[in-house]
$ cat work-v6.cif   # mmCIF, C-alpha atoms and all ligand atoms
data_coords
loop_
_atom_site.label_atom_id
_atom_site.label_comp_id
_atom_site.auth_asym_id
_atom_site.auth_seq_id
_atom_site.Cartn_x
_atom_site.Cartn_y
_atom_site.Cartn_z
CA MET A 1 71.93 -20.10 36.80
CA SER A 2 73.68 -17.30 34.91
CA ASN A 3 77.19 -16.55 36.16
CA PRO A 4 77.02 -15.41 39.76
CA ILE A 5 79.39 -12.66 40.88
CA LEU A 6 80.52 -11.11 44.15
CA LYS A 7 79.33 -7.54 44.55
CA CYS A 8 80.43 -5.01 47.15
CA LYS A 9 77.48 -3.78 49.23
CA SER A 10 79.13 -0.40 49.55
CA CYS A 11 81.15 0.65 46.46
CA GLY A 12 79.39 -1.69 44.03
CA ASN A 13 82.62 -3.21 42.66
CA GLU A 14 82.19 -6.65 41.15
CA TYR A 15 84.45 -9.71 41.40
CA GLY A 16 84.44 -13.15 39.76
CA SER A 17 82.93 -16.08 41.66
CA ASP A 18 86.29 -17.88 41.72
CA ARG A 19 87.97 -15.12 43.77
CA ILE A 20 88.77 -16.16 47.34
CA ILE A 21 87.85 -12.91 49.09
CA TYR A 22 85.57 -12.22 52.03
CA THR A 23 85.39 -8.42 51.97
CA CYS A 24 85.80 -5.91 49.12
CA PRO A 25 89.50 -5.61 48.18
CA GLU A 26 88.76 -2.01 47.11
CA CYS A 27 86.94 -0.57 50.16
CA GLY A 28 86.86 -3.33 52.77
CA SER A 29 83.04 -3.55 52.95
CA LEU A 30 80.87 -6.68 52.96
CA LEU A 31 80.27 -8.64 49.77
CA GLU A 32 77.07 -10.19 48.48
CA VAL A 33 76.49 -12.85 45.82
CA ALA A 34 74.55 -11.39 42.89
CA PHE A 35 72.99 -13.29 39.97
CA GLU A 36 70.15 -13.01 37.52
CA ILE A 37 66.92 -13.96 39.31
CA PRO A 38 65.61 -17.19 37.73
CA ASP A 39 62.27 -17.46 36.02
CA VAL A 40 60.82 -20.39 37.96
CA THR A 41 57.66 -21.12 39.92
CA LEU A 42 57.23 -22.78 43.33
CA LYS A 43 55.17 -25.46 41.58
CA ALA A 44 58.05 -26.34 39.27
CA MET A 45 60.26 -27.03 42.31
CA ALA A 46 57.55 -28.71 44.40
CA ASN A 47 58.21 -32.33 43.41
CA ARG A 48 61.79 -32.24 44.75
CA PRO A 49 62.66 -33.24 48.35
CA PHE A 50 61.85 -30.48 50.84
CA GLY A 51 65.12 -28.85 51.92
CA VAL A 52 67.88 -26.46 50.88
CA TRP A 53 68.52 -27.97 47.42
CA ARG A 54 64.85 -27.89 46.38
CA TYR A 55 65.56 -24.26 45.44
CA ARG A 56 68.49 -25.16 43.15
CA GLU A 57 67.77 -22.36 40.66
CA PHE A 58 68.38 -19.77 43.41
CA LEU A 59 71.63 -21.36 44.64
CA PRO A 60 74.68 -19.90 42.85
CA ILE A 61 76.63 -23.12 42.40
CA GLU A 62 77.60 -24.32 38.91
CA LYS A 63 75.54 -27.26 37.63
CA GLU A 64 78.35 -29.80 37.40
CA THR A 65 79.70 -29.12 40.93
CA GLU A 66 79.79 -31.99 43.43
CA ILE A 67 77.36 -31.05 46.22
CA ILE A 68 78.40 -31.69 49.83
CA THR A 69 75.16 -32.34 51.70
CA LEU A 70 73.68 -33.98 54.79
CA ASP A 71 70.08 -33.35 53.61
CA GLU A 72 69.81 -30.09 55.52
CA GLY A 73 66.81 -27.77 55.70
CA GLY A 74 63.24 -28.98 55.29
CA THR A 75 62.70 -28.17 58.97
CA PRO A 76 59.23 -28.10 60.60
CA LEU A 77 57.14 -24.97 60.92
CA TYR A 78 55.05 -25.48 64.05
CA ARG A 79 51.91 -23.49 64.78
CA CYS A 80 52.07 -22.61 68.49
CA ASP A 81 48.70 -21.40 69.76
CA LYS A 82 49.56 -21.60 73.45
CA LEU A 83 52.68 -19.52 72.98
CA ALA A 84 50.74 -17.05 70.84
CA LYS A 85 48.27 -16.58 73.69
CA TRP A 86 51.10 -16.11 76.20
CA ALA A 87 52.86 -13.62 73.94
CA GLY A 88 49.62 -11.73 73.24
CA ILE A 89 49.35 -12.15 69.48
CA LYS A 90 46.98 -13.99 67.17
CA ARG A 91 49.30 -16.44 65.43
CA LEU A 92 52.81 -17.58 66.25
CA TYR A 93 54.85 -20.14 64.34
CA ILE A 94 58.22 -21.63 65.21
CA LYS A 95 60.55 -22.52 62.35
CA PHE A 96 62.53 -25.17 64.20
CA GLU A 97 66.10 -25.12 62.95
CA GLY A 98 67.16 -27.55 65.67
CA ALA A 99 65.86 -30.25 63.31
CA ASN A 100 68.85 -29.78 60.97
CA PRO A 101 71.50 -32.55 60.79
CA THR A 102 73.85 -30.95 63.33
CA GLY A 103 71.05 -29.26 65.26
CA SER A 104 71.22 -25.68 64.03
CA PHE A 105 70.51 -23.43 61.03
CA LYS A 106 74.24 -23.31 60.24
CA ASP A 107 73.86 -26.48 58.16
CA ARG A 108 71.93 -24.58 55.50
CA GLY A 109 74.94 -22.36 55.01
CA MET A 110 77.58 -25.04 55.33
CA THR A 111 76.19 -27.20 52.53
CA LEU A 112 76.76 -24.22 50.20
CA GLY A 113 79.97 -23.02 51.84
CA VAL A 114 81.74 -26.36 51.94
CA THR A 115 80.55 -27.19 48.42
CA LYS A 116 82.12 -23.89 47.33
CA ALA A 117 85.34 -24.60 49.29
CA LYS A 118 85.65 -27.95 47.54
CA SER A 119 84.97 -26.49 44.10
CA LEU A 120 87.67 -23.87 44.71
CA LYS A 121 90.04 -26.77 45.52
CA SER A 122 90.65 -25.64 49.12
CA LYS A 123 92.20 -28.34 51.29
CA ALA A 124 91.33 -26.82 54.66
CA VAL A 125 88.48 -24.77 56.13
CA ALA A 126 88.27 -22.70 59.30
CA CYS A 127 85.94 -20.67 61.47
CA ALA A 128 85.73 -18.85 64.76
CA SER A 129 82.60 -19.80 66.63
CA THR A 130 80.39 -19.47 69.66
CA GLY A 131 79.75 -23.18 69.02
CA ASN A 132 77.19 -24.00 66.34
CA THR A 133 79.21 -22.84 63.36
CA SER A 134 82.08 -25.04 64.51
CA ALA A 135 79.79 -28.05 65.04
CA SER A 136 78.31 -27.66 61.59
CA LEU A 137 81.55 -26.90 59.74
CA SER A 138 83.27 -29.88 61.40
CA ALA A 139 80.56 -32.24 60.15
CA TYR A 140 80.48 -30.90 56.58
CA ALA A 141 84.28 -30.79 56.38
CA ALA A 142 84.37 -34.43 57.48
CA ARG A 143 81.89 -35.34 54.77
CA ALA A 144 83.91 -33.45 52.17
CA GLY A 145 87.25 -34.86 53.35
CA LEU A 146 88.68 -31.44 54.23
CA THR A 147 90.84 -30.50 57.21
CA CYS A 148 88.91 -28.29 59.62
CA TYR A 149 90.21 -25.76 62.16
CA VAL A 150 87.87 -24.18 64.67
CA ILE A 151 88.76 -21.35 67.02
CA LEU A 152 86.56 -21.06 70.10
CA PRO A 153 86.31 -18.53 72.93
CA SER A 154 87.68 -20.46 75.88
CA GLY A 155 85.13 -21.64 78.47
CA LYS A 156 82.16 -20.05 76.66
CA VAL A 157 81.08 -22.75 74.25
CA ALA A 158 78.17 -25.01 75.23
CA MET A 159 79.15 -28.63 75.83
CA GLY A 160 77.00 -30.21 73.09
CA LYS A 161 78.58 -28.01 70.42
CA LEU A 162 82.11 -28.66 71.62
CA ALA A 163 81.39 -32.39 71.64
CA GLN A 164 80.30 -32.24 68.00
CA ALA A 165 83.42 -30.40 66.82
CA LEU A 166 85.67 -32.83 68.68
CA MET A 167 83.94 -35.98 67.44
CA HIS A 168 83.81 -34.84 63.81
CA GLY A 169 87.58 -34.58 63.90
CA ALA A 170 88.15 -30.82 63.74
CA LYS A 171 91.32 -29.35 65.17
CA VAL A 172 89.78 -27.43 68.05
CA ILE A 173 91.70 -24.42 69.33
CA SER A 174 90.53 -22.52 72.40
CA VAL A 175 91.57 -18.88 72.67
CA LYS A 176 91.62 -16.93 75.90
CA GLY A 177 89.39 -14.22 74.54
CA ASN A 178 85.84 -13.66 73.35
CA PHE A 179 84.23 -14.49 69.99
CA ASP A 180 85.07 -11.10 68.49
CA GLU A 181 88.76 -11.66 69.19
CA ALA A 182 88.57 -15.22 67.84
CA LEU A 183 86.96 -13.99 64.62
CA LYS A 184 89.62 -11.34 64.05
CA LEU A 185 92.27 -13.98 64.58
CA VAL A 186 90.79 -16.53 62.18
CA MET A 187 90.24 -13.89 59.47
CA GLU A 188 93.93 -13.01 59.60
CA LEU A 189 94.94 -16.67 59.80
CA SER A 190 92.86 -17.74 56.81
CA THR A 191 94.33 -15.00 54.60
CA LYS A 192 97.87 -15.71 55.75
CA MET A 193 97.69 -19.50 55.48
CA GLY A 194 95.30 -19.89 52.53
CA ILE A 195 92.60 -21.63 54.55
CA TYR A 196 89.01 -21.20 53.35
CA LEU A 197 87.04 -19.13 55.88
CA LEU A 198 83.48 -20.18 56.64
CA ASN A 199 82.19 -17.60 59.07
CA SER A 200 79.09 -15.70 57.98
CA VAL A 201 81.28 -12.98 56.45
CA ASN A 202 81.56 -15.54 53.64
CA PRO A 203 78.73 -14.54 51.27
CA TRP A 204 78.41 -18.02 49.72
CA ARG A 205 77.44 -19.45 53.10
CA LEU A 206 74.61 -16.93 53.42
CA GLU A 207 73.20 -18.13 50.07
CA GLY A 208 72.35 -21.43 51.77
CA GLN A 209 70.85 -19.74 54.81
CA LYS A 210 68.44 -17.69 52.68
CA THR A 211 66.50 -20.90 51.88
CA LEU A 212 64.77 -20.59 55.26
CA ALA A 213 62.70 -17.80 53.71
CA PHE A 214 61.80 -20.00 50.74
CA GLU A 215 60.70 -22.83 53.02
CA VAL A 216 58.50 -20.57 55.16
CA ILE A 217 56.66 -19.41 52.02
CA ASP A 218 56.38 -23.01 50.83
CA GLN A 219 54.97 -24.13 54.21
CA LEU A 220 52.61 -21.24 54.92
CA ASP A 221 51.54 -20.69 51.34
CA HIS A 222 51.78 -16.96 51.98
CA VAL A 223 54.23 -14.37 53.32
CA PRO A 224 54.00 -13.87 57.09
CA GLU A 225 53.64 -10.40 58.51
CA PHE A 226 56.78 -10.61 60.69
CA VAL A 227 59.81 -12.90 60.92
CA ALA A 228 61.64 -12.71 64.26
CA VAL A 229 65.33 -13.67 64.22
CA PRO A 230 67.88 -13.78 67.06
CA MET A 231 70.97 -11.83 66.04
CA GLY A 232 74.60 -12.55 66.91
CA ASN A 233 77.06 -11.97 64.11
CA CYS A 234 74.01 -10.89 62.07
CA GLY A 235 74.48 -13.19 59.08
CA ASN A 236 71.23 -15.09 59.44
CA ILE A 237 68.78 -12.18 59.44
CA SER A 238 70.62 -10.75 56.40
CA ALA A 239 70.44 -14.08 54.57
CA ILE A 240 66.75 -14.63 55.34
CA TRP A 241 65.91 -11.11 54.17
CA LYS A 242 67.79 -11.75 50.90
CA GLY A 243 65.71 -14.90 50.40
CA PHE A 244 62.42 -13.06 50.80
CA LYS A 245 63.56 -10.33 48.41
CA GLU A 246 64.57 -12.89 45.78
CA PHE A 247 61.20 -14.68 45.83
CA LYS A 248 59.52 -11.31 45.39
CA SER A 249 61.84 -10.40 42.50
CA ALA A 250 61.08 -13.76 40.89
CA GLY A 251 57.36 -12.97 41.09
CA ILE A 252 56.74 -15.97 43.38
CA THR A 253 55.40 -13.62 46.06
CA ASP A 254 54.14 -10.07 45.88
CA CYS A 255 55.40 -8.77 49.23
CA CYS A 256 58.04 -9.28 51.92
CA PRO A 257 57.64 -9.70 55.68
CA ARG A 258 58.81 -7.15 58.22
CA MET A 259 62.02 -8.41 59.84
CA TYR A 260 62.28 -8.36 63.61
CA GLY A 261 65.88 -8.40 64.89
CA VAL A 262 66.31 -9.52 68.51
CA GLN A 263 69.52 -9.41 70.56
CA ALA A 264 70.33 -10.40 74.14
CA ALA A 265 70.46 -7.30 76.34
CA GLY A 266 74.08 -7.93 77.36
CA ALA A 267 75.20 -8.25 73.73
CA ALA A 268 73.02 -5.78 71.84
CA PRO A 269 75.24 -3.44 69.81
CA VAL A 270 72.87 -3.39 66.80
CA ILE A 271 69.81 -2.64 68.93
CA ASN A 272 71.72 0.13 70.74
CA MET A 273 72.76 1.59 67.40
CA LEU A 274 69.21 1.59 66.03
CA LYS A 275 67.66 2.92 69.25
CA GLU A 276 70.14 5.76 69.45
CA ASN A 277 70.02 6.34 65.71
CA LEU A 278 73.81 6.17 65.35
CA ALA A 279 75.45 6.17 61.91
CA LYS A 280 77.82 3.40 62.86
CA LEU A 281 77.99 0.43 65.23
CA GLU A 282 79.64 0.91 68.60
CA PRO A 283 80.91 -2.50 69.67
CA VAL A 284 80.02 -3.85 73.12
CA LYS A 285 83.44 -4.54 74.66
CA ALA A 286 82.53 -7.28 77.14
CA PRO A 287 79.33 -8.96 75.88
CA GLU A 288 77.61 -11.26 78.37
CA THR A 289 74.46 -13.38 78.16
CA VAL A 290 73.15 -16.83 79.06
CA ALA A 291 72.60 -17.24 75.31
CA THR A 292 76.27 -17.97 74.59
CA ALA A 293 75.53 -18.53 70.87
CA ILE A 294 74.84 -14.80 70.47
CA ARG A 295 77.40 -13.50 72.96
CA ILE A 296 78.91 -11.17 70.35
CA GLY A 297 79.85 -7.52 70.81
CA ASN A 298 81.13 -6.58 67.35
CA PRO A 299 78.99 -8.35 64.73
CA ILE A 300 80.67 -8.28 61.35
CA ASN A 301 77.44 -8.32 59.33
CA TRP A 302 75.82 -5.38 61.12
CA PRO A 303 75.43 -3.26 57.96
CA LYS A 304 73.46 -6.04 56.26
CA ALA A 305 71.28 -6.59 59.36
CA VAL A 306 70.53 -2.87 59.70
CA ASP A 307 69.62 -2.82 56.02
CA ALA A 308 67.29 -5.84 56.48
CA ILE A 309 65.50 -4.20 59.41
CA ARG A 310 65.25 -0.73 57.88
CA SER A 311 64.30 -1.69 54.35
CA SER A 312 61.67 -4.20 55.51
CA ASN A 313 60.08 -1.54 57.71
CA GLY A 314 61.09 -3.91 60.47
CA ILE A 315 61.39 -3.68 64.23
CA TYR A 316 64.15 -4.42 66.75
CA ASP A 317 64.57 -4.97 70.47
CA SER A 318 66.72 -6.62 73.10
CA VAL A 319 65.60 -9.15 75.72
CA SER A 320 67.04 -9.92 79.15
CA ASP A 321 68.43 -13.30 80.19
CA THR A 322 65.38 -13.75 82.45
CA GLU A 323 63.06 -13.24 79.47
CA ILE A 324 65.13 -15.64 77.36
CA ILE A 325 65.00 -18.38 80.00
CA GLU A 326 61.27 -17.93 80.56
CA ALA A 327 60.61 -18.20 76.82
CA GLN A 328 62.88 -21.25 76.50
CA ARG A 329 60.94 -23.05 79.26
CA LEU A 330 57.55 -22.17 77.81
CA ILE A 331 58.52 -23.25 74.29
CA ALA A 332 59.56 -26.58 75.79
CA CYS A 333 56.71 -27.04 78.31
CA LEU A 334 53.76 -25.59 76.37
CA GLU A 335 54.65 -26.71 72.86
CA GLY A 336 57.07 -29.64 73.23
CA ILE A 337 59.82 -27.92 71.23
CA GLY A 338 63.33 -28.00 72.72
CA VAL A 339 65.46 -25.00 71.80
CA GLU A 340 68.68 -23.50 73.07
CA PRO A 341 68.65 -20.08 74.83
CA ALA A 342 69.66 -17.98 71.78
CA SER A 343 66.73 -19.45 69.85
CA ALA A 344 64.30 -18.50 72.57
CA ALA A 345 65.30 -14.84 72.16
CA SER A 346 63.05 -14.60 69.08
CA VAL A 347 59.99 -15.78 71.05
CA ALA A 348 60.87 -13.62 74.07
CA GLY A 349 61.15 -10.73 71.63
CA VAL A 350 57.62 -11.29 70.35
CA LYS A 351 56.13 -11.03 73.83
CA ARG A 352 58.11 -7.86 74.41
CA ALA A 353 57.01 -6.38 71.08
CA ALA A 354 53.36 -7.16 71.84
CA ASN A 355 53.66 -5.58 75.31
CA GLU A 356 55.26 -2.48 73.88
CA GLY A 357 52.72 -2.16 71.08
CA LEU A 358 55.34 -2.68 68.36
CA VAL A 359 53.11 -5.38 66.87
CA GLU A 360 49.30 -5.55 66.77
CA ALA A 361 47.37 -8.21 68.70
CA ASP A 362 46.15 -9.75 65.41
CA SER A 363 49.67 -10.19 64.03
CA GLU A 364 51.10 -13.34 62.51
CA ILE A 365 54.75 -13.90 63.38
CA VAL A 366 57.22 -16.62 62.44
CA CYS A 367 59.94 -17.04 65.09
CA VAL A 368 63.16 -18.59 63.89
CA CYS A 369 64.35 -20.97 66.62
CA THR A 370 67.92 -21.45 65.55
CA GLY A 371 69.31 -24.36 67.59
CA HIS A 372 68.38 -27.48 69.54
CA LEU A 373 67.90 -27.76 73.31
CA LEU A 374 70.55 -30.51 73.53
CA LYS A 375 73.25 -28.11 72.45
CA ASP A 376 73.52 -26.64 75.93
CA PRO A 377 72.70 -29.22 78.62
CA GLU A 378 74.60 -27.31 81.30
CA GLU A 379 72.33 -24.29 80.96
CA VAL A 380 69.31 -26.61 81.29
CA ILE A 381 70.60 -28.06 84.56
CA SER A 382 71.40 -24.60 85.87
CA VAL A 383 67.86 -23.32 85.23
CA CYS A 384 65.83 -26.51 85.89
CA GLY A 385 67.95 -28.04 88.64
CA ARG A 386 68.95 -31.69 89.00
CA PRO A 387 66.31 -34.43 89.37
CA ILE A 388 65.23 -35.59 92.84
CA GLU A 389 67.13 -38.66 94.03
CA ILE A 390 65.35 -41.36 96.07
CA PRO A 391 66.09 -44.89 97.29
CA PRO A 392 64.66 -47.65 95.05
CA ASP A 393 61.45 -48.25 97.02
CA LEU A 394 57.76 -47.91 96.16
CA LYS A 395 56.84 -45.81 99.18
CA ALA A 396 59.42 -43.17 98.36
CA VAL A 397 58.40 -42.99 94.70
CA SER A 398 54.63 -43.03 95.48
CA GLY A 399 55.07 -40.06 97.77
CA LEU A 400 56.23 -38.05 94.78
CA ILE A 401 53.25 -38.82 92.54
CA SER A 402 50.39 -36.36 92.46
CA PRO A 403 47.11 -38.38 92.72
CA SER A 404 45.23 -35.94 90.48
CA ALA A 405 47.60 -36.70 87.59
CA THR A 406 46.99 -40.47 87.58
CA THR A 407 44.22 -42.38 85.79
N1 LIG B 501 71.18 -18.65 67.22
C1 LIG B 501 72.12 -19.59 67.37
C2 LIG B 501 71.74 -20.86 68.02
C3 LIG B 501 73.44 -19.36 66.91
O1 LIG B 501 74.36 -20.31 67.05
C4 LIG B 501 73.74 -18.11 66.32
C5 LIG B 501 75.10 -17.81 65.88
C6 LIG B 501 72.71 -17.18 66.18
C7 LIG B 501 71.45 -17.48 66.64
C8 LIG B 501 72.93 -15.86 65.54
O2 LIG B 501 73.11 -15.97 64.17
O3 LIG B 501 75.33 -14.91 63.95
O4 LIG B 501 73.88 -15.24 61.98
O5 LIG B 501 73.30 -13.57 63.71
N2 LIG B 501 76.11 -18.51 66.11
C9 LIG B 501 77.45 -18.29 65.58
C10 LIG B 501 78.36 -19.46 65.87
C11 LIG B 501 78.00 -16.98 65.87
O6 LIG B 501 79.56 -19.29 65.91
O7 LIG B 501 77.85 -20.57 66.02
P1 LIG B 501 73.96 -14.85 63.40
#
$ encode --input "work-v6.cif" --output "structure tokens"
Amino acid sequence: MSNPILKCKSCGNEYGSDRIIYTCPECGSLLEVAFEIPDVTLKAMANRPFGVWRYREFLPIEKETEIITLDEGGTPLYRCDKLAKWAGIKRLYIKFEGANPTGSFKDRGMTLGVTKAKSLKSKAVACASTGNTSASLSAYAARAGLTCYVILPSGKVAMGKLAQALMHGAKVISVKGNFDEALKLVMELSTKMGIYLLNSVNPWRLEGQKTLAFEVIDQLDHVPEFVAVPMGNCGNISAIWKGFKEFKSAGITDCCPRMYGVQAAGAAPVINMLKENLAKLEPVKAPETVATAIRIGNPINWPKAVDAIRSSNGIYDSVSDTEIIEAQRLIACLEGIGVEPASAASVAGVKRAANEGLVEADSEIVCVCTGHLLKDPEEVISVCGRPIEIPPDLKAVSGLISPSATT
């Protein structure tokens, strides 16, 4: 890997990779990691374990650096014919990110981000989070021996995620505000106190998340037509798009997929912006959705997400909570894959796109399902109800068994 640099997406200014900055000191815009695209084939990397670090040549971390890893990535890509039929398209795949060590795609980014924090000699790391980022950062910080601070919107973080942050030993701080307010706070705090920030505004973290694109190409052996991604703070869709572009630049593939950005209807500032053709994002002041992971009204990475959708000739839409819950249940009941509500937004989005004629009936779409069902048990109980309770006797239990379903 030739020396990676940080490059401003807007003014083009360049900064050394040892600078601890999250936005351009010159103009305040987002930064991106830039490096010379390696000359390497998929075959040359194929005998390494399947996961984030298989694609070492594309990861901008110096050779001698100690890697902080929990063997993340290498997640399954499931072909889902029953869901495809329901959605009204030919082929639907789920890239199941719930299979990562802490149960979400964040681990791909944290292996890079925490490795970088350690190499920069940071002693403490921090994030604001709707839940998964904090769960993941807490685990990787524990593994690296770093102090971890997480700032959460009070009362809006799913129980499984909170449990992870607490058990991994993070200092968990609840703020009486939403995610957008928590993020603003932690960005100021990290600059003031010299704590390394690991929200998706950190471009090194996104370098890990781009490996999802590499894995999809590895697994499918071709580039899919569409990749549907639920959007919250908009880091993931930007990272995945960067991954596809890099494999094309390296000559590993000869095309890129069309990106499909999906938001929850109550937290859809990017979709509103694109639909109304605005020049700039108008934040949603009081975002609300059952998909608490993407309950974000002012996503920091919106310029990168808009770029991913526009330059891939992509599509975009929002889905209601009812559509999200229906998709979550069908993913679980028809295909046996347990995902949290935000993840189901990508699948709900595919049905909507097929209905609206945004995608053809013979399309092939990969849906990124970002987090595990167990992350949010309270939502499950609220939509499925509690189990029936009976006394411990055979008559009572027999009465509940449907004769046609027995042998
Ligand atoms: N899906 C899940 C399960 C998430 O946890 C998130 C983001 C997203 C989708 C959206 O990804 O922000 O890159 O557009 N969760 C963050 C968090 C915000 O704090 O855990 P994005």
$ residues_around --input "work-v6.cif" --residues "range 170-174 of chain A" --least-positions-apart "2" --cutoff "8 Å" --atoms "only C-alpha atoms" --output "JSON, numbers by chain"
{"A": [138, 147, 148, 149, 150, 151, 152, 153, 154, 165, 166, 167, 168, 176]}
$ residues_near_ligand --input "work-v6.cif" --ligand "ligand LIG 501 (chain B)" --cutoff "6 Å" --atoms "only C-alpha atoms and all ligand atoms" --output "list of chain:residue names"
A:Ser129, A:Thr130, A:Gly131, A:Asn132, A:Thr133, A:Pro230, A:Met231, A:Gly232, A:Asn233, A:Cys234, A:Gly235, A:Asn236, A:Ala293, A:Ile294, A:Ala342, A:Ser343, A:Thr370, A:Gly371
$ closest_residue --input "work-v6.cif" --among "A:Ala158, A:Leu77, A:Ile68, A:Cys27" --to "Ile94 in chain A" --atoms "all atoms listed in the file"
A:Leu77
$ atom_distance --input "work-v6.cif" --atom1 "CA of Ala265 in chain A" --atom2 "CA of Val319 in chain A"
5.2 Å
$ residues_around --input "work-v6.cif" --residues "Ile309 in chain A" --least-positions-apart "5" --cutoff "10 Å" --atoms "all atoms listed in the file" --output "list of chain:residue names"
A:Ile237, A:Ser238, A:Trp241, A:Arg258, A:Met259, A:Tyr260, A:Gly261, A:Leu274, A:Lys304, A:Gly314, A:Ile315, A:Tyr316
$ write_last_selection --input "work-v6.cif" --atoms "C-alpha atoms" --output "mmCIF file, in the coordinates of the input"
data_model
loop_
_atom_site.group_PDB
_atom_site.id
_atom_site.type_symbol
_atom_site.label_atom_id
_atom_site.label_comp_id
_atom_site.auth_asym_id
_atom_site.auth_seq_id
_atom_site.Cartn_x
_atom_site.Cartn_y
_atom_site.Cartn_z
ATOM 1 C CA ILE A 237 68.780 -12.180 59.440
ATOM 2 C CA SER A 238 70.620 -10.750 56.400
ATOM 3 C CA TRP A 241 65.910 -11.110 54.170
ATOM 4 C CA ARG A 258 58.810 -7.150 58.220
ATOM 5 C CA MET A 259 62.020 -8.410 59.840
ATOM 6 C CA TYR A 260 62.280 -8.360 63.610
ATOM 7 C CA GLY A 261 65.880 -8.400 64.890
ATOM 8 C CA LEU A 274 69.210 1.590 66.030
ATOM 9 C CA LYS A 304 73.460 -6.040 56.260
ATOM 10 C CA GLY A 314 61.090 -3.910 60.470
ATOM 11 C CA ILE A 315 61.390 -3.680 64.230
ATOM 12 C CA TYR A 316 64.150 -4.420 66.750
#
$ residues_near_point --input "work-v6.cif" --point "(81.8, -10.3, 68.2)" --cutoff "6 Å" --atoms "only C-alpha atoms" --output "compact mmCIF listing (two decimals) with C-alpha atoms, in the frame of the given file"
# COMPACT_ATOMS: atom_id res chain seq x y z
CA PHE A 179 84.23 -14.49 69.99
CA ASP A 180 85.07 -11.10 68.49
CA ILE A 296 78.91 -11.17 70.35
CA GLY A 297 79.85 -7.52 70.81
CA ASN A 298 81.13 -6.58 67.35
CA PRO A 299 78.99 -8.35 64.73
$ atom_distance --input "work-v6.cif" --atom1 "CA of Leu137 in chain A" --atom2 "CA of Asp218 in chain A"
27.0 Å
$ residues_around --input "work-v6.cif" --residues "Met187 in chain A" --least-positions-apart "6" --cutoff "12 Å" --atoms "only C-alpha atoms" --output "number ranges by chain"
A: 21-23, 125-128, 150-151, 180-181, 193-202, 300
$ residues_around --input "work-v6.cif" --residues "Val366 in chain A" --least-positions-apart "2" --cutoff "7 Å" --atoms "all atoms listed in the file" --output "MDAnalysis selection string"
chainID A and resid 92:95 224 226:228 364 368
$ residues_near_point --input "work-v6.cif" --point "(76.6, -8.7, 47.5)" --cutoff "7 Å" --atoms "all atoms listed in the file" --output "mmCIF file with C-alpha atoms, in the coordinates of the input"
data_model
loop_
_atom_site.group_PDB
_atom_site.id
_atom_site.type_symbol
_atom_site.label_atom_id
_atom_site.label_comp_id
_atom_site.auth_asym_id
_atom_site.auth_seq_id
_atom_site.Cartn_x
_atom_site.Cartn_y
_atom_site.Cartn_z
ATOM 1 C CA LEU A 6 80.520 -11.110 44.150
ATOM 2 C CA LYS A 7 79.330 -7.540 44.550
ATOM 3 C CA CYS A 8 80.430 -5.010 47.150
ATOM 4 C CA LYS A 9 77.480 -3.780 49.230
ATOM 5 C CA LEU A 31 80.270 -8.640 49.770
ATOM 6 C CA GLU A 32 77.070 -10.190 48.480
ATOM 7 C CA VAL A 33 76.490 -12.850 45.820
ATOM 8 C CA ALA A 34 74.550 -11.390 42.890
#
$ closest_residue --input "work-v6.cif" --among "A:Pro341, A:Gly357, A:Pro403, A:Pro287" --to "Glu379 in chain A" --atoms "only C-alpha atoms"
A:Pro341
